[in-house]
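As stored in protein16.cif (mmCIF, C-alpha atoms; chains and numbers go by the auth columns):
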data_protein
#
loop_
_atom_site.group_PDB
_atom_site.id
_atom_site.type_symbol
_atom_site.label_atom_id
_atom_site.label_comp_id
_atom_site.label_asym_id
_atom_site.label_seq_id
_atom_site.Cartn_x
_atom_site.Cartn_y
_atom_site.Cartn_z
_atom_site.B_iso_or_equiv
_atom_site.auth_seq_id
_atom_site.auth_asym_id
ATOM 1 C CA MET A 1 -10.755 5.628 16.426 0.00 4 A
ATOM 2 C CA THR A 2 -11.416 2.342 14.632 0.00 5 A
ATOM 3 C CA ALA A 3 -14.739 0.573 15.075 0.00 6 A
ATOM 4 C CA GLN A 4 -14.178 -2.801 16.735 0.00 7 A
ATOM 5 C CA PRO A 5 -15.049 -5.803 14.580 0.00 8 A
ATOM 6 C CA ILE A 6 -18.209 -7.593 15.600 0.00 9 A
ATOM 7 C CA VAL A 7 -19.338 -11.002 14.400 0.00 10 A
ATOM 8 C CA LYS A 8 -22.754 -12.520 15.094 0.00 11 A
ATOM 9 C CA LEU A 9 -23.941 -15.999 14.175 0.00 12 A
ATOM 10 C CA GLN A 10 -27.230 -17.596 13.319 0.00 13 A
ATOM 11 C CA LEU A 11 -27.842 -21.162 12.298 0.00 14 A
ATOM 12 C CA LYS A 12 -31.066 -21.993 10.510 0.00 15 A
ATOM 13 C CA SER A 13 -31.067 -25.648 9.574 0.00 16 A
ATOM 14 C CA SER A 14 -28.210 -26.019 7.097 0.00 17 A
ATOM 15 C CA LEU A 15 -27.819 -22.263 6.566 0.00 18 A
ATOM 16 C CA GLY A 16 -25.224 -20.472 8.648 0.00 19 A
ATOM 17 C CA ILE A 17 -25.453 -16.688 8.721 0.00 20 A
ATOM 18 C CA ILE A 18 -22.349 -14.786 9.761 0.00 21 A
ATOM 19 C CA SER A 19 -22.909 -11.065 10.263 0.00 22 A
ATOM 20 C CA LEU A 20 -19.830 -8.859 10.148 0.00 23 A
ATOM 21 C CA MET A 21 -19.840 -5.273 11.388 0.00 24 A
ATOM 22 C CA GLY A 22 -17.067 -2.816 12.150 0.00 25 A
ATOM 23 C CA GLU A 23 -13.478 -2.846 10.940 0.00 26 A
ATOM 24 C CA PHE A 24 -11.658 -6.064 10.100 0.00 27 A
ATOM 25 C CA SER A 25 -7.908 -6.393 9.903 0.00 28 A
ATOM 26 C CA GLY A 26 -5.207 -8.982 10.519 0.00 29 A
ATOM 27 C CA THR A 27 -6.137 -9.164 14.204 0.00 30 A
ATOM 28 C CA SER A 28 -9.617 -10.427 13.337 0.00 31 A
ATOM 29 C CA GLU A 29 -8.498 -13.929 12.389 0.00 32 A
ATOM 30 C CA ASP A 30 -9.750 -15.767 15.464 0.00 33 A
ATOM 31 C CA LEU A 31 -13.031 -13.872 15.420 0.00 34 A
ATOM 32 C CA VAL A 32 -13.841 -14.734 11.826 0.00 35 A
ATOM 33 C CA LEU A 33 -12.497 -18.278 11.686 0.00 36 A
ATOM 34 C CA ASN A 34 -14.064 -19.273 14.996 0.00 37 A
ATOM 35 C CA ALA A 35 -17.409 -18.031 13.707 0.00 38 A
ATOM 36 C CA TYR A 36 -16.988 -20.079 10.553 0.00 39 A
ATOM 37 C CA LYS A 37 -15.973 -23.130 12.596 0.00 40 A
ATOM 38 C CA GLU A 38 -19.000 -22.775 14.839 0.00 41 A
ATOM 39 C CA VAL A 39 -21.569 -22.646 12.039 0.00 42 A
ATOM 40 C CA THR A 40 -19.811 -25.471 10.224 0.00 43 A
ATOM 41 C CA GLU A 41 -19.762 -27.700 13.294 0.00 44 A
ATOM 42 C CA GLY A 42 -23.431 -26.808 13.694 0.00 45 A
ATOM 43 C CA GLY A 43 -24.106 -28.403 10.331 0.00 46 A
ATOM 44 C CA ALA A 44 -24.079 -25.467 7.912 0.00 47 A
ATOM 45 C CA THR A 45 -23.599 -26.508 4.296 0.00 48 A
ATOM 46 C CA LYS A 46 -24.478 -23.032 3.075 0.00 49 A
ATOM 47 C CA ILE A 47 -23.073 -19.846 4.525 0.00 50 A
ATOM 48 C CA LEU A 48 -24.401 -16.340 4.109 0.00 51 A
ATOM 49 C CA LEU A 49 -22.049 -13.493 4.957 0.00 52 A
ATOM 50 C CA ARG A 50 -24.097 -10.508 5.976 0.00 53 A
ATOM 51 C CA PHE A 51 -22.007 -7.342 5.896 0.00 54 A
ATOM 52 C CA GLY A 52 -23.414 -4.657 8.153 0.00 55 A
ATOM 53 C CA ASP A 53 -23.220 -0.891 8.362 0.00 56 A
ATOM 54 C CA GLY A 54 -19.755 0.393 9.076 0.00 57 A
ATOM 55 C CA PHE A 55 -18.107 -2.684 7.618 0.00 58 A
ATOM 56 C CA TYR A 56 -14.543 -1.988 6.566 0.00 59 A
ATOM 57 C CA ILE A 57 -11.744 -4.388 5.737 0.00 60 A
ATOM 58 C CA ASN A 58 -8.108 -3.993 4.787 0.00 61 A
ATOM 59 C CA SER A 59 -5.891 -6.398 2.879 0.00 62 A
ATOM 60 C CA ALA A 60 -4.905 -8.249 6.048 0.00 63 A
ATOM 61 C CA GLY A 61 -8.587 -8.769 6.826 0.00 64 A
ATOM 62 C CA ILE A 62 -9.221 -9.899 3.265 0.00 65 A
ATOM 63 C CA ALA A 63 -6.550 -12.556 3.745 0.00 66 A
ATOM 64 C CA ILE A 64 -8.629 -13.916 6.611 0.00 67 A
ATOM 65 C CA LEU A 65 -11.717 -14.059 4.411 0.00 68 A
ATOM 66 C CA ILE A 66 -9.620 -15.954 1.877 0.00 69 A
ATOM 67 C CA LEU A 67 -8.674 -18.447 4.590 0.00 70 A
ATOM 68 C CA MET A 68 -12.345 -18.900 5.387 0.00 71 A
ATOM 69 C CA VAL A 69 -13.234 -19.274 1.707 0.00 72 A
ATOM 70 C CA SER A 70 -10.458 -21.836 1.386 0.00 73 A
ATOM 71 C CA GLN A 71 -11.886 -23.915 4.220 0.00 74 A
ATOM 72 C CA ALA A 72 -15.428 -23.573 2.861 0.00 75 A
ATOM 73 C CA ASN A 73 -14.213 -24.632 -0.563 0.00 76 A
ATOM 74 C CA GLN A 74 -12.600 -27.760 0.849 0.00 77 A
ATOM 75 C CA ALA A 75 -15.807 -28.533 2.740 0.00 78 A
ATOM 76 C CA ASN A 76 -17.929 -28.013 -0.408 0.00 79 A
ATOM 77 C CA GLN A 77 -19.972 -25.342 1.298 0.00 80 A
ATOM 78 C CA LYS A 78 -21.823 -22.729 -0.770 0.00 81 A
ATOM 79 C CA LEU A 79 -21.076 -19.116 0.038 0.00 82 A
ATOM 80 C CA ALA A 80 -23.047 -15.942 -0.560 0.00 83 A
ATOM 81 C CA ALA A 81 -22.741 -12.359 0.577 0.00 84 A
ATOM 82 C CA VAL A 82 -25.164 -9.520 1.088 0.00 85 A
ATOM 83 C CA GLY A 83 -24.879 -5.952 2.343 0.00 86 A
ATOM 84 C CA LEU A 84 -21.504 -5.124 0.839 0.00 87 A
ATOM 85 C CA SER A 85 -21.066 -1.480 -0.096 0.00 88 A
ATOM 86 C CA PRO A 86 -20.382 -0.718 -3.772 0.00 89 A
ATOM 87 C CA HIS A 87 -16.785 0.061 -2.835 0.00 90 A
ATOM 88 C CA PHE A 88 -16.164 -3.330 -1.234 0.00 91 A
ATOM 89 C CA GLN A 89 -18.052 -5.133 -3.993 0.00 92 A
ATOM 90 C CA LYS A 90 -15.472 -3.571 -6.306 0.00 93 A
ATOM 91 C CA ILE A 91 -12.611 -4.635 -4.032 0.00 94 A
ATOM 92 C CA PHE A 92 -13.928 -8.205 -3.876 0.00 95 A
ATOM 93 C CA ARG A 93 -14.246 -8.283 -7.666 0.00 96 A
ATOM 94 C CA LEU A 94 -10.741 -6.914 -8.171 0.00 97 A
ATOM 95 C CA ILE A 95 -9.297 -9.528 -5.878 0.00 98 A
ATOM 96 C CA GLY A 96 -11.303 -12.317 -7.489 0.00 99 A
ATOM 97 C CA LEU A 97 -13.246 -13.350 -4.396 0.00 100 A
ATOM 98 C CA THR A 98 -16.432 -13.212 -6.430 0.00 101 A
ATOM 99 C CA ALA A 99 -15.378 -16.452 -8.118 0.00 102 A
ATOM 100 C CA TYR A 100 -15.974 -18.139 -4.761 0.00 103 A
ATOM 101 C CA LEU A 101 -18.605 -15.922 -3.185 0.00 104 A
ATOM 102 C CA ASP A 102 -21.751 -14.709 -4.925 0.00 105 A
ATOM 103 C CA ILE A 103 -22.792 -11.194 -3.995 0.00 106 A
ATOM 104 C CA PHE A 104 -26.474 -10.356 -3.825 0.00 107 A
ATOM 105 C CA ALA A 105 -28.423 -7.146 -3.502 0.00 108 A
ATOM 106 C CA THR A 106 -30.908 -8.591 -1.022 0.00 109 A
ATOM 107 C CA GLU A 107 -30.924 -11.353 1.533 0.00 110 A
ATOM 108 C CA GLU A 108 -33.990 -12.857 -0.114 0.00 111 A
ATOM 109 C CA GLU A 109 -32.144 -13.346 -3.392 0.00 112 A
ATOM 110 C CA ALA A 110 -29.123 -14.758 -1.557 0.00 113 A
ATOM 111 C CA ARG A 111 -31.214 -17.304 0.337 0.00 114 A
ATOM 112 C CA LYS A 112 -33.023 -18.405 -2.848 0.00 115 A
ATOM 113 C CA ARG A 113 -29.706 -18.979 -4.576 0.00 116 A
ATOM 114 C CA LEU A 114 -28.275 -20.884 -1.642 0.00 117 A
ATOM 115 C CA LEU A 115 -31.193 -23.298 -1.417 0.00 118 A
ATOM 116 C CA MET B 1 -0.565 36.301 -7.273 0.00 17 B
ATOM 117 C CA THR B 2 -1.658 32.662 -7.245 0.00 18 B
ATOM 118 C CA THR B 3 -2.654 31.016 -3.989 0.00 19 B
ATOM 119 C CA PRO B 4 -0.988 27.711 -3.095 0.00 20 B
ATOM 120 C CA ASP B 5 -3.070 24.598 -3.572 0.00 21 B
ATOM 121 C CA PRO B 6 -4.253 22.980 -0.367 0.00 22 B
ATOM 122 C CA HIS B 7 -1.779 20.533 1.132 0.00 23 B
ATOM 123 C CA GLU B 8 -1.079 18.839 4.442 0.00 24 B
ATOM 124 C CA GLU B 9 1.478 16.665 6.159 0.00 25 B
ATOM 125 C CA ILE B 10 0.865 14.316 9.056 0.00 26 B
ATOM 126 C CA ARG B 11 3.058 11.876 10.935 0.00 27 B
ATOM 127 C CA ILE B 12 1.726 8.663 12.380 0.00 28 B
ATOM 128 C CA PRO B 13 3.424 6.035 14.534 0.00 29 B
ATOM 129 C CA LYS B 14 4.328 2.677 13.086 0.00 30 B
ATOM 130 C CA SER B 15 1.643 0.818 14.973 0.00 31 B
ATOM 131 C CA PHE B 16 -1.376 -1.082 13.737 0.00 32 B
ATOM 132 C CA GLY B 17 -4.419 1.106 13.750 0.00 33 B
ATOM 133 C CA SER B 18 -2.495 4.216 12.718 0.00 34 B
ATOM 134 C CA GLU B 19 -3.296 3.500 9.097 0.00 35 B
ATOM 135 C CA GLY B 20 -6.921 4.300 9.867 0.00 36 B
ATOM 136 C CA THR B 21 -5.992 7.749 11.152 0.00 37 B
ATOM 137 C CA ALA B 22 -3.997 8.437 8.018 0.00 38 B
ATOM 138 C CA SER B 23 -6.644 7.262 5.603 0.00 39 B
ATOM 139 C CA GLN B 24 -9.395 9.218 7.328 0.00 40 B
ATOM 140 C CA ARG B 25 -7.379 12.444 7.231 0.00 41 B
ATOM 141 C CA VAL B 26 -6.633 12.057 3.552 0.00 42 B
ATOM 142 C CA ALA B 27 -10.257 11.122 2.873 0.00 43 B
ATOM 143 C CA ALA B 28 -11.419 14.270 4.646 0.00 44 B
ATOM 144 C CA PHE B 29 -8.990 16.328 2.559 0.00 45 B
ATOM 145 C CA ALA B 30 -10.250 14.754 -0.661 0.00 46 B
ATOM 146 C CA GLY B 31 -13.819 15.522 0.374 0.00 47 B
ATOM 147 C CA SER B 32 -12.914 19.117 1.126 0.00 48 B
ATOM 148 C CA VAL B 33 -11.603 19.621 -2.398 0.00 49 B
ATOM 149 C CA GLY B 34 -14.660 18.207 -4.084 0.00 50 B
ATOM 150 C CA PHE B 35 -14.033 14.494 -4.542 0.00 51 B
ATOM 151 C CA GLU B 36 -17.134 12.332 -4.462 0.00 52 B
ATOM 152 C CA ALA B 37 -17.926 9.559 -2.018 0.00 53 B
ATOM 153 C CA ASP B 38 -16.985 6.608 -4.208 0.00 54 B
ATOM 154 C CA ARG B 39 -13.619 8.112 -5.108 0.00 55 B
ATOM 155 C CA ILE B 40 -12.997 9.025 -1.486 0.00 56 B
ATOM 156 C CA ALA B 41 -13.590 5.390 -0.509 0.00 57 B
ATOM 157 C CA GLU B 42 -10.950 4.321 -3.033 0.00 58 B
ATOM 158 C CA ILE B 43 -8.474 6.872 -1.742 0.00 59 B
ATOM 159 C CA LYS B 44 -9.137 5.758 1.818 0.00 60 B
ATOM 160 C CA THR B 45 -8.441 2.108 1.032 0.00 61 B
ATOM 161 C CA ALA B 46 -5.309 2.810 -1.016 0.00 62 B
ATOM 162 C CA VAL B 47 -3.819 5.137 1.594 0.00 63 B
ATOM 163 C CA ALA B 48 -4.568 2.642 4.365 0.00 64 B
ATOM 164 C CA GLU B 49 -2.779 -0.046 2.364 0.00 65 B
ATOM 165 C CA ALA B 50 0.262 2.159 1.825 0.00 66 B
ATOM 166 C CA ALA B 51 0.429 3.013 5.513 0.00 67 B
ATOM 167 C CA LEU B 52 -0.122 -0.623 6.513 0.00 68 B
ATOM 168 C CA ASN B 53 2.758 -1.596 4.254 0.00 69 B
ATOM 169 C CA ALA B 54 4.987 0.923 5.999 0.00 70 B
ATOM 170 C CA ILE B 55 3.932 -0.400 9.403 0.00 71 B
ATOM 171 C CA GLU B 56 4.516 -4.036 8.494 0.00 72 B
ATOM 172 C CA PHE B 57 7.660 -3.800 6.429 0.00 73 B
ATOM 173 C CA GLY B 58 9.325 -0.721 7.827 0.00 74 B
ATOM 174 C CA SER B 59 12.317 -0.419 10.096 0.00 75 B
ATOM 175 C CA THR B 60 12.669 -2.671 13.099 0.00 76 B
ATOM 176 C CA ARG B 61 12.458 0.238 15.507 0.00 77 B
ATOM 177 C CA GLY B 62 8.699 -0.130 15.320 0.00 78 B
ATOM 178 C CA SER B 63 6.652 2.796 16.577 0.00 79 B
ATOM 179 C CA ALA B 64 9.837 4.759 17.368 0.00 80 B
ATOM 180 C CA ASP B 65 9.939 5.613 13.685 0.00 81 B
ATOM 181 C CA MET B 66 7.162 7.663 12.212 0.00 82 B
ATOM 182 C CA ILE B 67 5.423 7.396 8.885 0.00 83 B
ATOM 183 C CA ILE B 68 5.243 10.683 7.020 0.00 84 B
ATOM 184 C CA ILE B 69 2.149 11.232 4.923 0.00 85 B
ATOM 185 C CA ARG B 70 1.927 14.233 2.676 0.00 86 B
ATOM 186 C CA PHE B 71 -1.117 14.995 0.581 0.00 87 B
ATOM 187 C CA TRP B 72 -1.849 17.824 -1.736 0.00 88 B
ATOM 188 C CA LEU B 73 -3.967 18.957 -4.612 0.00 89 B
ATOM 189 C CA GLU B 74 -2.321 19.152 -8.013 0.00 90 B
ATOM 190 C CA GLU B 75 -4.564 20.323 -10.846 0.00 91 B
ATOM 191 C CA ASP B 76 -7.455 17.849 -10.855 0.00 92 B
ATOM 192 C CA ALA B 77 -5.789 15.240 -8.664 0.00 93 B
ATOM 193 C CA VAL B 78 -5.102 14.526 -5.030 0.00 94 B
ATOM 194 C CA LYS B 79 -1.576 13.228 -4.589 0.00 95 B
ATOM 195 C CA VAL B 80 -0.530 11.264 -1.518 0.00 96 B
ATOM 196 C CA SER B 81 3.014 10.423 -0.531 0.00 97 B
ATOM 197 C CA VAL B 82 3.713 7.844 2.202 0.00 98 B
ATOM 198 C CA SER B 83 7.326 7.713 3.413 0.00 99 B
ATOM 199 C CA SER B 84 9.047 5.731 6.118 0.00 100 B
ATOM 200 C CA LYS B 85 12.364 4.201 7.058 0.00 101 B
ATOM 201 C CA GLY B 86 12.604 0.729 5.673 0.00 102 B
ATOM 202 C CA PRO B 87 13.774 -1.373 2.773 0.00 103 B
ATOM 203 C CA PRO B 88 12.781 -0.499 -0.784 0.00 104 B
ATOM 204 C CA PHE B 89 9.578 -1.966 -2.156 0.00 105 B
ATOM 205 C CA THR B 90 9.693 -5.199 -4.082 0.00 106 B
ATOM 206 C CA VAL B 91 7.176 -4.494 -6.806 0.00 107 B
ATOM 207 C CA THR B 92 5.882 -6.946 -9.329 0.00 108 B
ATOM 208 C CA ASP B 93 3.330 -6.438 -12.069 0.00 109 B
ATOM 209 C CA ALA B 94 1.922 -9.926 -11.568 0.00 110 B
ATOM 210 C CA LYS B 95 -1.563 -10.001 -10.098 0.00 111 B
ATOM 211 C CA PRO B 96 -1.768 -12.104 -6.929 0.00 112 B
ATOM 212 C CA ASP B 97 -3.339 -15.459 -7.741 0.00 113 B
ATOM 213 C CA ILE B 98 -6.562 -15.867 -5.753 0.00 114 B
ATOM 214 C CA ARG B 99 -6.944 -19.457 -6.885 0.00 115 B
ATOM 215 C CA ALA B 100 -3.499 -20.397 -5.563 0.00 116 B
ATOM 216 C CA LYS B 101 -4.325 -18.713 -2.284 0.00 117 B
ATOM 217 C CA VAL B 102 -7.733 -20.384 -1.906 0.00 118 B
ATOM 218 C CA GLU B 103 -6.172 -23.737 -2.767 0.00 119 B
ATOM 219 C CA GLY B 104 -3.462 -23.211 -0.158 0.00 120 B
ATOM 220 C CA ARG B 105 -0.587 -23.074 -2.641 0.00 121 B
ATOM 221 C CA ASP B 106 0.248 -19.500 -1.727 0.00 122 B
ATOM 222 C CA ARG B 107 -0.091 -17.421 1.421 0.00 123 B
ATOM 223 C CA PRO B 108 -3.395 -15.488 1.617 0.00 124 B
ATOM 224 C CA ARG B 109 -1.649 -12.111 2.122 0.00 125 B
ATOM 225 C CA GLY B 110 -0.021 -9.917 -0.502 0.00 126 B
ATOM 226 C CA TRP B 111 -2.837 -7.693 -1.783 0.00 127 B
ATOM 227 C CA GLY B 112 -1.685 -4.259 -0.614 0.00 128 B
ATOM 228 C CA ILE B 113 0.382 -3.093 -3.596 0.00 129 B
ATOM 229 C CA PHE B 114 -2.123 -4.654 -5.999 0.00 130 B
ATOM 230 C CA LEU B 115 -4.967 -2.653 -4.442 0.00 131 B
ATOM 231 C CA MET B 116 -2.947 0.563 -4.499 0.00 132 B
ATOM 232 C CA LYS B 117 -2.279 0.079 -8.197 0.00 133 B
ATOM 233 C CA GLN B 118 -5.909 -0.718 -8.960 0.00 134 B
ATOM 234 C CA LEU B 119 -7.371 2.202 -7.043 0.00 135 B
ATOM 235 C CA ALA B 120 -4.901 4.993 -7.795 0.00 136 B
ATOM 236 C CA ASP B 121 -4.382 6.405 -11.285 0.00 137 B
ATOM 237 C CA ILE B 122 -0.607 6.481 -10.867 0.00 138 B
ATOM 238 C CA VAL B 123 1.583 4.751 -8.260 0.00 139 B
ATOM 239 C CA GLU B 124 5.269 5.558 -8.016 0.00 140 B
ATOM 240 C CA PHE B 125 7.748 3.799 -5.750 0.00 141 B
ATOM 241 C CA GLY B 126 10.992 5.356 -4.567 0.00 142 B
ATOM 242 C CA PHE B 127 13.851 4.917 -2.135 0.00 143 B
ATOM 243 C CA GLU B 128 16.137 7.761 -1.083 0.00 144 B
ATOM 244 C CA ASN B 129 18.100 8.698 2.050 0.00 145 B
ATOM 245 C CA GLU B 130 16.983 5.484 3.772 0.00 146 B
ATOM 246 C CA LEU B 131 13.364 6.456 3.239 0.00 147 B
ATOM 247 C CA THR B 132 11.092 4.250 1.205 0.00 148 B
ATOM 248 C CA ASN B 133 8.271 6.096 -0.466 0.00 149 B
ATOM 249 C CA VAL B 134 5.124 5.496 -2.438 0.00 150 B
ATOM 250 C CA THR B 135 3.332 8.360 -4.161 0.00 151 B
ATOM 251 C CA MET B 136 -0.191 7.834 -5.438 0.00 152 B
ATOM 252 C CA THR B 137 -2.157 10.095 -7.750 0.00 153 B
ATOM 253 C CA PHE B 138 -5.942 10.074 -7.618 0.00 154 B
ATOM 254 C CA ARG B 139 -7.574 12.026 -10.382 0.00 155 B
ATOM 255 C CA HIS B 140 -10.971 13.552 -9.800 0.00 156 B
ATOM 256 C CA ARG B 141 -13.359 11.389 -11.815 0.00 157 B
ATOM 257 C CA ASN B 142 -15.418 14.282 -13.052 0.00 158 B
ATOM 258 C CA ALA B 143 -12.542 16.769 -13.131 0.00 159 B
ATOM 259 C CA ARG B 144 -14.890 19.461 -11.975 0.00 160 B
ATOM 260 C CA TYR B 145 -12.447 20.744 -9.412 0.00 161 B
ATOM 261 C CA ILE B 146 -9.680 22.707 -10.980 0.00 162 B
ATOM 262 C CA SER B 147 -6.659 23.912 -9.125 0.00 163 B
ATOM 263 C CA SER B 148 -6.579 27.614 -8.382 0.00 164 B
ATOM 264 C CA ASN B 149 -3.244 27.642 -10.197 0.00 165 B
ATOM 265 C CA ALA B 150 -4.502 26.096 -13.445 0.00 166 B
#
Write-out of the structure in structure tokens:
Amino acid sequence: MTAQPIVKLQLKSSLGIISLMGEFSGTSEDLVLNAYKEVTEGGATKILLRFGDGFYINSAGIAILILMVSQANQANQKLAAVGLSPHFQKIFRLIGLTAYLDIFATEEEARKRLL
Amino acid sequence: MTTPDPHEEIRIPKSFGSEGTASQRVAAFAGSVGFEADRIAEIKTAVAEAALNAIEFGSTRGSADMIIIRFWLEEDAVKVSVSSKGPPFTVTDAKPDIRAKVEGRDRPRGWGIFLMKQLADIVEFGFENELTNVTMTFRHRNARYISSNA
């Protein structure tokens, strides 16, 4: 049984935090892009993607992240990620997402870099 | 008399979500024959991508057709074969261009075969008797497990 994807949002001044948990695939498009839209409309100029326990993504889900990155790029928003497993850090590097999304070991480091 | 190496075959429906079942079964098999967690994660992703490909690009009968997944141990490697009715693969060696995708000049999809090739040691594509097939070889990184037939 697949774990349903869950997205939670926080907005702290100009920092939008999008937490992603569970399994993301091609059916997660509305979930992810609506979350991005909400933090952006709330004024976020910096976005932290917080990947939680049990996070899994396939290539169709990665395409959705690319769509989000594309929109963030056009909006000149800074992106950072934390909580990715070593496996998905490797996947993100292979795909080249790390050119658009800095990956950090801790949230503290990510926030410092985003400021 | 040598004992046969472990092997299994499963059939999954061509419906989204089935790829998770397939990848978890193969991952469990890899774990049972001594593969370590990081390599198992790679196998899981690659197998899910192969199954997802079969679901998305397979025959138009949808879930009426099944995807056949065979996996077995061969010396120091787990081999996985994913077969289904559908057109042959169109394989290119070119890496998908992330920049073109982020800039909107290309569709964001198209990473499945690339990931299979990056995560497996060998990927072979075939088409026979109306069945399209991909066979992936995942070598044990530490090669500590040796087939009982070696």
My list of candidates is B:Leu131, B:Ile71, B:Val139, B:Val118. Which is closest to chain A when distances are computed with all atoms listed in the file?
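Closest to chain A of all the choices is B:Val118.
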Any chance you could work out the residue set of the PyMOL selection byres ((chain B) within 9 of (chain A)) here, as a list in words?
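Those residues are Gly33, Gly36, Thr37, Asp54, Arg55, Ala57, Glu58, Thr61, Ala64, Glu65, Leu68, Lys111, Pro112, Asp113, Ile114, Arg115, Lys117, Val118, Glu119, Gly120, Arg123, Pro124, Arg125, Gly126, Trp127, Gly128, Phe130, Leu131 and Gln134 of chain B.
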Give me the box for segment 54-71 of chain B as lines of an AutoDock Vina configuration file, namely the centre and edge lengths in Å to one decimal of a box along x, y and z that holds every listed atom plus 5 Å on each side.
center_x = -6.0
center_y = 3.7
center_z = 2.1
size_x = 32.0
size_y = 20.6
size_z = 24.5
Any idea what the distance is between atom CA of Gly57 of chain A and atom CA of Ile106 of chain A?
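Atom-to-atom, atom CA of Gly57 of chain A to atom CA of Ile106 of chain A, that is 17.7 Å.
Residues in contact range of Leu12 of chain A, defined as at most 12 Å between all atoms listed in the file, with sequence neighbours fewer than 5 positions away removed, read Leu18, Gly19, Ile20, Ile21, Ser22, Leu23, Met24, Leu34, Val35, Leu36, Asn37, Ala38, Tyr39, Lys40, Glu41, Val42, Thr43, Gly45, Ala47, Ile50, Leu51, Leu52 and Arg53 of chain A.
Across B:Val107, B:Ala43, B:Met152, B:Ala93, the tightest approach to Leu135 of chain B is made by B:Met152 when counting all atoms listed in the file.
Considering all atoms listed in the file, the residue among A:Leu87, A:Phe54, A:Leu117, A:Lys49 positioned nearest to Ile9 of chain A is A:Phe54.
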To one decimal in Å, tell me the separation between atom CA of Lys81 of chain A and atom CA of Gly55 of chain A.
20.2 Å
To verify the selection step, state as a PDB file with C-alpha atoms, in the frame of the given file which residues the PyMOL selection byres ((chain A and resi 111) around 12) yields on this input.
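Okay, out08.pdb is ready:
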ATOM      1  CA  LEU A  51     -24.401 -16.340   4.109  1.00  0.00           C
ATOM      2  CA  ARG A  53     -24.097 -10.508   5.976  1.00  0.00           C
ATOM      3  CA  ALA A  83     -23.047 -15.942  -0.560  1.00  0.00           C
ATOM      4  CA  ALA A  84     -22.741 -12.359   0.577  1.00  0.00           C
ATOM      5  CA  VAL A  85     -25.164  -9.520   1.088  1.00  0.00           C
ATOM      6  CA  GLY A  86     -24.879  -5.952   2.343  1.00  0.00           C
ATOM      7  CA  ILE A 106     -22.792 -11.194  -3.995  1.00  0.00           C
ATOM      8  CA  PHE A 107     -26.474 -10.356  -3.825  1.00  0.00           C
ATOM      9  CA  ALA A 108     -28.423  -7.146  -3.502  1.00  0.00           C
ATOM     10  CA  THR A 109     -30.908  -8.591  -1.022  1.00  0.00           C
ATOM     11  CA  GLU A 110     -30.924 -11.353   1.533  1.00  0.00           C
ATOM     12  CA  GLU A 112     -32.144 -13.346  -3.392  1.00  0.00           C
ATOM     13  CA  ALA A 113     -29.123 -14.758  -1.557  1.00  0.00           C
ATOM     14  CA  ARG A 114     -31.214 -17.304   0.337  1.00  0.00           C
ATOM     15  CA  LYS A 115     -33.023 -18.405  -2.848  1.00  0.00           C
ATOM     16  CA  ARG A 116     -29.706 -18.979  -4.576  1.00  0.00           C
ATOM     17  CA  LEU A 117     -28.275 -20.884  -1.642  1.00  0.00           C
ATOM     18  CA  LEU A 118     -31.193 -23.298  -1.417  1.00  0.00           C
TER      19      LEU A 118
END
What is the atom CA of Asn145 of chain B to atom CA of Lys101 of chain B distance in Å?
8.8 Å
Judged by all atoms listed in the file, the minimum distance to Lys15 of chain A among A:Arg96, A:Asp105, A:Thr48, A:Ala78 is found for A:Thr48
